[in-house]
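Asker: Sharing run_31.cif (mmCIF, C-alpha atoms) below.
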data_upload
#
loop_
_atom_site.label_atom_id
_atom_site.label_comp_id
_atom_site.auth_asym_id
_atom_site.auth_seq_id
_atom_site.Cartn_x
_atom_site.Cartn_y
_atom_site.Cartn_z
CA TYR A 1 14.11 208.68 68.30
CA LEU A 2 15.26 205.09 68.53
CA SER A 3 14.27 204.64 72.17
CA ALA A 4 10.81 206.09 71.43
CA ASP A 5 10.39 203.64 68.54
CA VAL A 6 11.50 200.71 70.69
CA GLY A 7 9.12 201.76 73.45
CA HIS A 8 6.27 201.95 70.95
CA LEU A 9 7.12 198.52 69.55
CA LEU A 10 7.27 196.98 73.02
CA ALA A 11 3.89 198.47 73.90
CA LEU A 12 2.43 197.10 70.66
CA ASP A 13 3.96 193.70 71.40
CA ASP A 14 2.35 193.72 74.85
CA LYS A 15 -1.06 194.54 73.32
CA LEU A 16 -0.75 191.82 70.70
CA ASN A 17 0.30 189.24 73.30
CA GLU A 18 -2.64 190.26 75.51
CA ARG A 19 -5.04 189.87 72.58
CA ALA A 20 -3.54 186.47 71.68
CA ARG A 21 -4.02 185.27 75.28
CA ALA A 22 -7.62 186.50 75.28
CA LEU A 23 -8.33 184.57 72.07
CA GLU A 24 -6.34 181.54 73.25
CA LEU A 25 -4.11 181.70 70.18
CA GLU A 26 -0.69 181.66 71.81
CA ALA A 27 0.17 178.11 70.72
CA GLU A 28 -0.94 178.79 67.14
CA ILE A 29 1.11 181.98 66.98
CA GLU A 30 4.16 180.20 68.38
CA ASP A 31 3.79 177.41 65.79
CA GLU A 32 3.35 179.86 62.92
CA CYS A 33 6.37 181.93 63.99
CA ALA A 34 8.49 178.78 64.21
CA TYR A 35 7.31 177.77 60.73
CA LYS A 36 8.12 181.19 59.26
CA LEU A 37 11.59 181.16 60.80
CA SER A 38 12.30 177.63 59.56
CA THR A 39 11.27 178.45 55.99
CA ALA A 40 12.84 181.91 55.72
CA LEU A 41 16.06 180.68 54.15
CA ARG A 42 14.72 177.78 52.11
CA PRO A 43 15.17 177.97 48.36
CA PRO A 44 12.10 179.14 46.42
CA LYS A 45 9.50 176.54 45.47
CA ASP A 46 9.88 177.46 41.81
CA SER A 47 13.38 176.29 40.93
CA ARG A 48 13.24 177.42 37.30
CA PRO A 49 15.69 180.14 36.25
CA LEU A 50 14.44 183.63 37.15
CA TRP A 51 14.14 184.81 33.54
CA VAL A 52 11.84 181.88 32.71
CA ARG A 53 9.39 182.98 35.42
CA ILE A 54 8.74 186.39 33.84
CA ARG A 55 5.26 186.64 32.36
CA GLY A 56 5.50 187.08 28.60
CA VAL A 57 8.87 185.35 28.13
CA ALA A 58 7.39 182.48 26.11
CA ALA A 59 6.21 184.92 23.43
CA LEU A 60 9.78 186.12 22.80
CA ASP A 61 12.01 184.65 20.11
CA ALA A 62 15.17 182.80 21.22
CA GLY A 63 17.39 185.84 20.66
CA SER A 64 15.19 188.08 22.81
CA GLN A 65 15.03 185.37 25.47
CA ALA A 66 18.85 185.30 25.56
CA VAL A 67 18.89 189.07 26.07
CA LEU A 68 16.21 188.87 28.77
CA ARG A 69 18.23 186.17 30.54
CA ARG A 70 21.30 188.44 30.67
CA LEU A 71 19.22 191.45 31.76
CA VAL A 72 17.72 189.47 34.64
CA VAL A 73 21.18 188.36 35.79
CA ALA A 74 22.35 191.99 35.71
CA ARG A 75 19.28 193.17 37.63
CA GLU A 76 19.75 190.49 40.30
CA ALA A 77 23.38 191.51 40.82
CA ILE A 78 22.41 195.18 41.14
CA ALA A 79 19.55 194.39 43.53
CA GLU A 80 21.85 192.32 45.72
CA ARG A 81 24.47 195.09 45.77
CA GLU A 82 21.87 197.73 46.65
CA ASP A 83 20.05 195.39 49.06
CA VAL A 84 16.67 196.01 47.44
CA PRO A 85 14.15 193.72 45.76
CA PRO A 86 14.86 193.33 42.02
CA PHE A 87 11.62 195.08 41.00
CA LYS A 88 12.90 198.19 42.78
CA VAL A 89 15.83 198.30 40.35
CA VAL A 90 13.74 197.91 37.19
CA GLY A 91 10.45 196.20 36.41
CA ASN A 92 9.89 193.08 34.35
CA ASP A 93 7.96 195.07 31.76
CA VAL A 94 11.01 197.25 31.10
CA LEU A 95 13.28 194.21 30.83
CA LEU A 96 10.89 192.64 28.32
CA GLU A 97 10.87 195.84 26.29
CA LEU A 98 14.67 196.00 26.31
CA ALA A 99 14.87 192.33 25.31
CA GLN A 100 12.54 192.88 22.37
CA ARG A 101 14.12 196.11 21.13
CA LYS A 102 17.75 195.23 21.90
CA PRO A 103 18.94 198.85 21.91
CA PRO A 104 22.62 198.86 20.85
CA ASP A 105 23.92 201.72 23.00
CA GLY A 106 23.29 203.73 26.15
CA ALA A 107 21.48 206.53 24.34
CA SER A 108 19.06 204.02 22.84
CA VAL A 109 18.55 202.30 26.19
CA ARG A 110 17.68 205.68 27.78
CA ARG A 111 14.88 206.11 25.23
CA VAL A 112 13.12 202.97 26.48
CA ARG A 113 10.55 204.11 29.00
CA GLY A 114 11.60 203.14 32.52
CA ALA A 115 15.16 202.14 31.61
CA GLY A 116 16.84 205.53 31.54
CA ALA A 117 15.45 207.24 34.64
CA GLY A 118 15.49 206.76 38.38
CA ARG A 119 17.44 203.87 39.84
CA ALA A 120 17.31 201.98 36.52
CA GLY A 121 18.86 204.97 34.78
CA ARG A 122 21.98 204.71 36.92
CA TYR A 123 22.65 201.31 35.33
CA VAL A 124 22.31 202.06 31.63
CA ASP A 125 25.84 200.71 31.08
CA ALA A 126 24.87 197.43 32.78
CA TRP A 127 21.74 197.12 30.60
CA THR A 128 23.76 197.89 27.45
CA ARG A 129 26.39 195.29 28.39
CA ALA A 130 23.72 192.65 29.21
CA ILE A 131 21.98 193.29 25.88
CA ALA A 132 25.25 192.88 23.98
CA GLU A 133 26.02 189.64 25.85
CA GLY A 134 22.53 188.28 25.16
CA VAL A 135 22.79 189.14 21.47
CA ALA A 136 26.17 187.35 21.37
CA ASP A 137 24.63 184.30 23.11
CA GLY A 138 21.98 184.03 20.39
CA ALA A 139 19.75 181.83 22.53
CA PRO A 140 19.55 180.71 26.14
CA PRO A 141 21.03 177.31 27.06
CA ASP A 142 18.79 174.43 26.00
CA ASP A 143 18.31 173.16 29.56
CA GLU A 144 16.99 176.58 30.65
CA ARG A 145 14.75 176.93 27.59
CA ALA A 146 13.25 173.53 28.39
CA ALA A 147 11.91 175.08 31.61
CA LEU A 148 9.61 177.26 29.46
CA THR A 149 7.43 174.26 28.66
CA PRO A 150 5.16 173.64 31.64
CA GLU A 151 4.53 170.14 32.91
CA ARG A 152 1.17 168.75 31.91
CA ARG A 153 -0.95 168.01 34.95
CA ASP A 154 -3.57 165.29 35.18
CA ARG A 155 -6.98 167.02 34.76
CA SER A 156 -8.74 164.61 37.13
CA LEU A 157 -6.12 165.32 39.80
CA ILE A 158 -6.65 169.05 39.33
CA THR A 159 -10.41 168.60 39.77
CA LYS A 160 -9.95 166.50 42.92
CA THR A 161 -7.47 169.00 44.35
CA ARG A 162 -9.82 171.94 43.78
CA ALA A 163 -12.69 170.05 45.44
CA ALA A 164 -10.51 169.28 48.47
CA GLU A 165 -9.33 172.91 48.63
CA ALA A 166 -12.96 174.10 48.62
CA LYS A 167 -13.86 171.74 51.49
CA VAL A 168 -10.88 172.83 53.60
CA ALA A 169 -11.57 176.51 52.87
CA ALA A 170 -15.24 176.16 53.87
CA TRP A 171 -14.26 174.39 57.10
CA ARG A 172 -11.67 177.09 57.92
CA LYS A 173 -14.22 179.82 57.34
CA ARG A 174 -16.90 178.18 59.54
CA GLU A 175 -14.41 177.43 62.31
CA ALA A 176 -13.05 180.98 62.22
CA GLN A 177 -16.56 182.42 62.54
CA VAL A 178 -17.37 180.12 65.48
CA ARG A 179 -14.13 181.07 67.27
CA GLY A 180 -14.27 184.76 66.30
CA VAL A 181 -10.77 184.70 64.82
CA ASP A 182 -9.11 185.03 61.43
CA GLU A 183 -9.02 181.93 59.22
CA GLN A 184 -5.21 181.95 59.43
CA ALA A 185 -5.49 181.37 63.19
CA VAL A 186 -7.61 178.28 62.59
CA LEU A 187 -5.37 176.77 59.94
CA PRO A 188 -2.59 178.74 58.23
CA GLY A 189 -2.73 178.78 54.44
CA HIS A 190 0.48 176.77 54.08
CA CYS A 191 -0.95 174.09 56.37
CA ALA A 192 -4.20 173.99 54.38
CA HIS A 193 -2.14 173.60 51.20
CA ASP A 194 -0.08 170.79 52.74
CA LEU A 195 -3.26 169.11 54.03
CA VAL A 196 -4.88 169.13 50.59
#
Could you render the structure as structure tokens?

Answerer:
Amino acid sequence: YLSADVGHLLALDDKLNERARALELEAEIEDECAYKLSTALRPPKDSRPLWVRIRGVAALDAGSQAVLRRLVVAREAIAEREDVPPFKVVGNDVLLELAQRKPPDGASVRRVRGAGAGRAGRYVDAWTRAIAEGVADGAPPDDERAALTPERRDRSLITKTRAAEAKVAAWRKREAQVRGVDEQAVLPGHCAHDLV
């Protein structure tokens, strides 16, 4: 099976390279591939703690935030061990529910929809332990909680940025239509962002 898959991939690669040559996009593709490789291991742009980035966290009280923080740490460790994205272990909505309810034992955790079945169900003990640790913490560290308050941005700068984004987007679209290629081939999104 493997040799058939490799043969198929090589044939697809040949077709894509042929199409790129026909559209005169080889240099753009090479640049974009180099960019993707160079950025693959960079730290994320959002440097805030993972638990702070979960939608709905600001509505939680400090005790529930402390529990959510511990649950996120547990989920990250499990995801790394299993080599899967964290959302494949358990979703943010389930973690928020657990943080709000703070079930005290495994049986109670299992009753929370999404926490006691599938992959998440295999880690009920980890969720129970994380909840207990979060309850004992009482609140997240002050420096992490400070990340919940977003920076205020200058409204006039936001307006200028949106106007510039609209101009660049319109130019990309026109140029792509003239060349008969995708807008990404004209100017990749990350380049447009950097340009603005």

Asker: Which neighbours of Ala58 (chain A) fall inside 12 Å, counting only C-alpha atoms, when residues of the same chain fewer than 3 positions from it are skipped, and could you give them as a list in words?

Answerer: Trp51, Val52, Arg53, Ile54, Arg55, Asp61, Ala62, Gly63, Ser64, Gln65, Ala66, Leu68, Leu96, Arg145, Ala146, Ala147, Leu148, Thr149 and Pro150 of chain A

Asker: With region 180-196 of chain A as the partner and 12 Å as the cut-off, tabulate the residues of region 104-164 of chain A that qualify, each row holding the nearest pair of atoms and their distance in Å to one decimal, using all atoms listed in the file, sorted by chain and rising number, as a tab-separated table.

Answerer:
residue	atom	partner	partner_atom	distance
A:Leu157	CA	A:Val196	CA	11.5
A:Ile158	CA	A:Val196	CA	11.4
A:Lys160	CA	A:Val196	CA	9.6
A:Thr161	CA	A:Val196	CA	6.8
A:Arg162	CA	A:Val196	CA	8.9
A:Ala163	CA	A:Val196	CA	9.4
A:Ala164	CA	A:Val196	CA	6.0

Asker: Grab the residues selected above and save them as an mmCIF file, keeping the file's coordinate frame with C-alpha atoms.

Answerer:
data_model
loop_
_atom_site.group_PDB
_atom_site.id
_atom_site.type_symbol
_atom_site.label_atom_id
_atom_site.label_comp_id
_atom_site.auth_asym_id
_atom_site.auth_seq_id
_atom_site.Cartn_x
_atom_site.Cartn_y
_atom_site.Cartn_z
ATOM 1 C CA LEU A 157 -6.120 165.320 39.800
ATOM 2 C CA ILE A 158 -6.650 169.050 39.330
ATOM 3 C CA LYS A 160 -9.950 166.500 42.920
ATOM 4 C CA THR A 161 -7.470 169.000 44.350
ATOM 5 C CA ARG A 162 -9.820 171.940 43.780
ATOM 6 C CA ALA A 163 -12.690 170.050 45.440
ATOM 7 C CA ALA A 164 -10.510 169.280 48.470
#

Asker: What does the structure give for the distance between CA of Arg81 (chain A) and CA of Val67 (chain A), in Å to one decimal?

Answerer: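 That distance, rounded to one decimal, is 21.3 Å.
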
Asker: Between CA of Asn92 (chain A) and CA of Val72 (chain A), what is the distance in Å, rounded to a tenth?

Answerer: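 Between CA of Asn92 (chain A) and CA of Val72 (chain A) the gap is 8.6 Å.
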
Asker: Just to confirm, what's the straight-line distance from CA of Ala139 (chain A) to CA of Asp83 (chain A) in Å (one decimal)?

Answerer: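 Distance between the two atoms: 29.8 Å.
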
Asker: As a check of understanding, name the residues that the PyMOL selection byres ((chain A and resi 101) around 12) selects in the supplied structure, as an NGL selection string.

Answerer: :A and (60-61 or 63-65 or 67-68 or 94-100 or 102-105 or 108-109 or 111-113 or 128 or 131-132 or 135)

Asker: List the neighbours of region 10-23 of chain A out to 12 Å using all atoms listed in the file; skip same-chain residues closer than 2 positions along the sequence, and give me the result as an MDAnalysis selection string.

Answerer: chainID A and resid 3:8 25:30 176 179:182 185:186

Asker: Mind working out the centre and edge lengths of an axis-aligned box for region 26-30 of chain A, all listed atoms inside, 4 Å added to each side, rounded to one decimal in Å and written as lines of an AutoDock Vina configuration file?

Answerer:
center_x = 1.6
center_y = 180.0
center_z = 69.4
size_x = 13.1
size_y = 11.9
size_z = 12.8

Asker: Out of A:Pro44, A:Gly134, A:Pro85, A:Gly118, which residue has the shortest atom-to-atom distance to Leu71 (chain A) when counting all atoms listed in the file?

Answerer: A:Gly134

Asker: Of the candidates A:Leu37, A:Ile78, A:Val178, A:Ala170, which one gets nearest to Asp125 (chain A) if we count only C-alpha atoms?

Answerer: A:Ile78

Asker: Add whatever atoms are absent from region 14-28 of chain A to reach N, CA, C and O atoms, and provide the output as a PDB file, in the frame of the given file.

Answerer:
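Saved as part03.pdb:
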ATOM      1  N   ASP A  14       3.135 194.052  73.651  1.00  0.00           N
ATOM      2  CA  ASP A  14       2.350 193.720  74.850  1.00  0.00           C
ATOM      3  C   ASP A  14       0.858 193.614  74.500  1.00  0.00           C
ATOM      4  O   ASP A  14       0.176 192.684  74.936  1.00  0.00           O
ATOM      5  N   LYS A  15       0.354 194.562  73.709  1.00  0.00           N
ATOM      6  CA  LYS A  15      -1.060 194.540  73.320  1.00  0.00           C
ATOM      7  C   LYS A  15      -1.400 193.310  72.484  1.00  0.00           C
ATOM      8  O   LYS A  15      -2.425 192.666  72.684  1.00  0.00           O
ATOM      9  N   LEU A  16      -0.516 192.988  71.553  1.00  0.00           N
ATOM     10  CA  LEU A  16      -0.750 191.820  70.700  1.00  0.00           C
ATOM     11  C   LEU A  16      -0.713 190.531  71.519  1.00  0.00           C
ATOM     12  O   LEU A  16      -1.529 189.635  71.319  1.00  0.00           O
ATOM     13  N   ASN A  17       0.230 190.430  72.439  1.00  0.00           N
ATOM     14  CA  ASN A  17       0.300 189.240  73.300  1.00  0.00           C
ATOM     15  C   ASN A  17      -0.944 189.126  74.177  1.00  0.00           C
ATOM     16  O   ASN A  17      -1.468 188.026  74.373  1.00  0.00           O
ATOM     17  N   GLU A  18      -1.418 190.254  74.682  1.00  0.00           N
ATOM     18  CA  GLU A  18      -2.640 190.260  75.510  1.00  0.00           C
ATOM     19  C   GLU A  18      -3.833 189.787  74.675  1.00  0.00           C
ATOM     20  O   GLU A  18      -4.640 188.979  75.130  1.00  0.00           O
ATOM     21  N   ARG A  19      -3.932 190.273  73.469  1.00  0.00           N
ATOM     22  CA  ARG A  19      -5.040 189.870  72.580  1.00  0.00           C
ATOM     23  C   ARG A  19      -4.940 188.379  72.235  1.00  0.00           C
ATOM     24  O   ARG A  19      -5.941 187.682  72.204  1.00  0.00           O
ATOM     25  N   ALA A  20      -3.733 187.890  71.983  1.00  0.00           N
ATOM     26  CA  ALA A  20      -3.540 186.470  71.680  1.00  0.00           C
ATOM     27  C   ALA A  20      -3.956 185.599  72.864  1.00  0.00           C
ATOM     28  O   ALA A  20      -4.591 184.560  72.674  1.00  0.00           O
ATOM     29  N   ARG A  21      -3.604 186.025  74.082  1.00  0.00           N
ATOM     30  CA  ARG A  21      -4.020 185.270  75.280  1.00  0.00           C
ATOM     31  C   ARG A  21      -5.529 185.252  75.409  1.00  0.00           C
ATOM     32  O   ARG A  21      -6.129 184.215  75.697  1.00  0.00           O
ATOM     33  N   ALA A  22      -6.164 186.405  75.157  1.00  0.00           N
ATOM     34  CA  ALA A  22      -7.620 186.500  75.280  1.00  0.00           C
ATOM     35  C   ALA A  22      -8.319 185.573  74.272  1.00  0.00           C
ATOM     36  O   ALA A  22      -9.370 185.014  74.572  1.00  0.00           O
ATOM     37  N   LEU A  23      -7.745 185.428  73.106  1.00  0.00           N
ATOM     38  CA  LEU A  23      -8.330 184.570  72.070  1.00  0.00           C
ATOM     39  C   LEU A  23      -7.814 183.133  72.136  1.00  0.00           C
ATOM     40  O   LEU A  23      -8.188 182.309  71.309  1.00  0.00           O
ATOM     41  N   GLU A  24      -6.948 182.868  73.091  1.00  0.00           N
ATOM     42  CA  GLU A  24      -6.340 181.540  73.250  1.00  0.00           C
ATOM     43  C   GLU A  24      -5.637 181.083  71.966  1.00  0.00           C
ATOM     44  O   GLU A  24      -5.813 179.946  71.507  1.00  0.00           O
ATOM     45  N   LEU A  25      -4.828 181.988  71.425  1.00  0.00           N
ATOM     46  CA  LEU A  25      -4.110 181.700  70.180  1.00  0.00           C
ATOM     47  C   LEU A  25      -2.598 181.616  70.369  1.00  0.00           C
ATOM     48  O   LEU A  25      -1.859 181.566  69.387  1.00  0.00           O
ATOM     49  N   GLU A  26      -2.142 181.609  71.590  1.00  0.00           N
ATOM     50  CA  GLU A  26      -0.690 181.660  71.810  1.00  0.00           C
ATOM     51  C   GLU A  26       0.042 180.488  71.171  1.00  0.00           C
ATOM     52  O   GLU A  26       1.090 180.673  70.539  1.00  0.00           O
ATOM     53  N   ALA A  27      -0.503 179.279  71.298  1.00  0.00           N
ATOM     54  CA  ALA A  27       0.170 178.110  70.720  1.00  0.00           C
ATOM     55  C   ALA A  27       0.208 178.205  69.194  1.00  0.00           C
ATOM     56  O   ALA A  27       1.235 177.888  68.571  1.00  0.00           O
ATOM     57  N   GLU A  28      -0.897 178.659  68.590  1.00  0.00           N
ATOM     58  CA  GLU A  28      -0.940 178.790  67.140  1.00  0.00           C
ATOM     59  C   GLU A  28       0.070 179.823  66.646  1.00  0.00           C
ATOM     60  O   GLU A  28       0.754 179.617  65.643  1.00  0.00           O
TER      61      GLU A  28
END
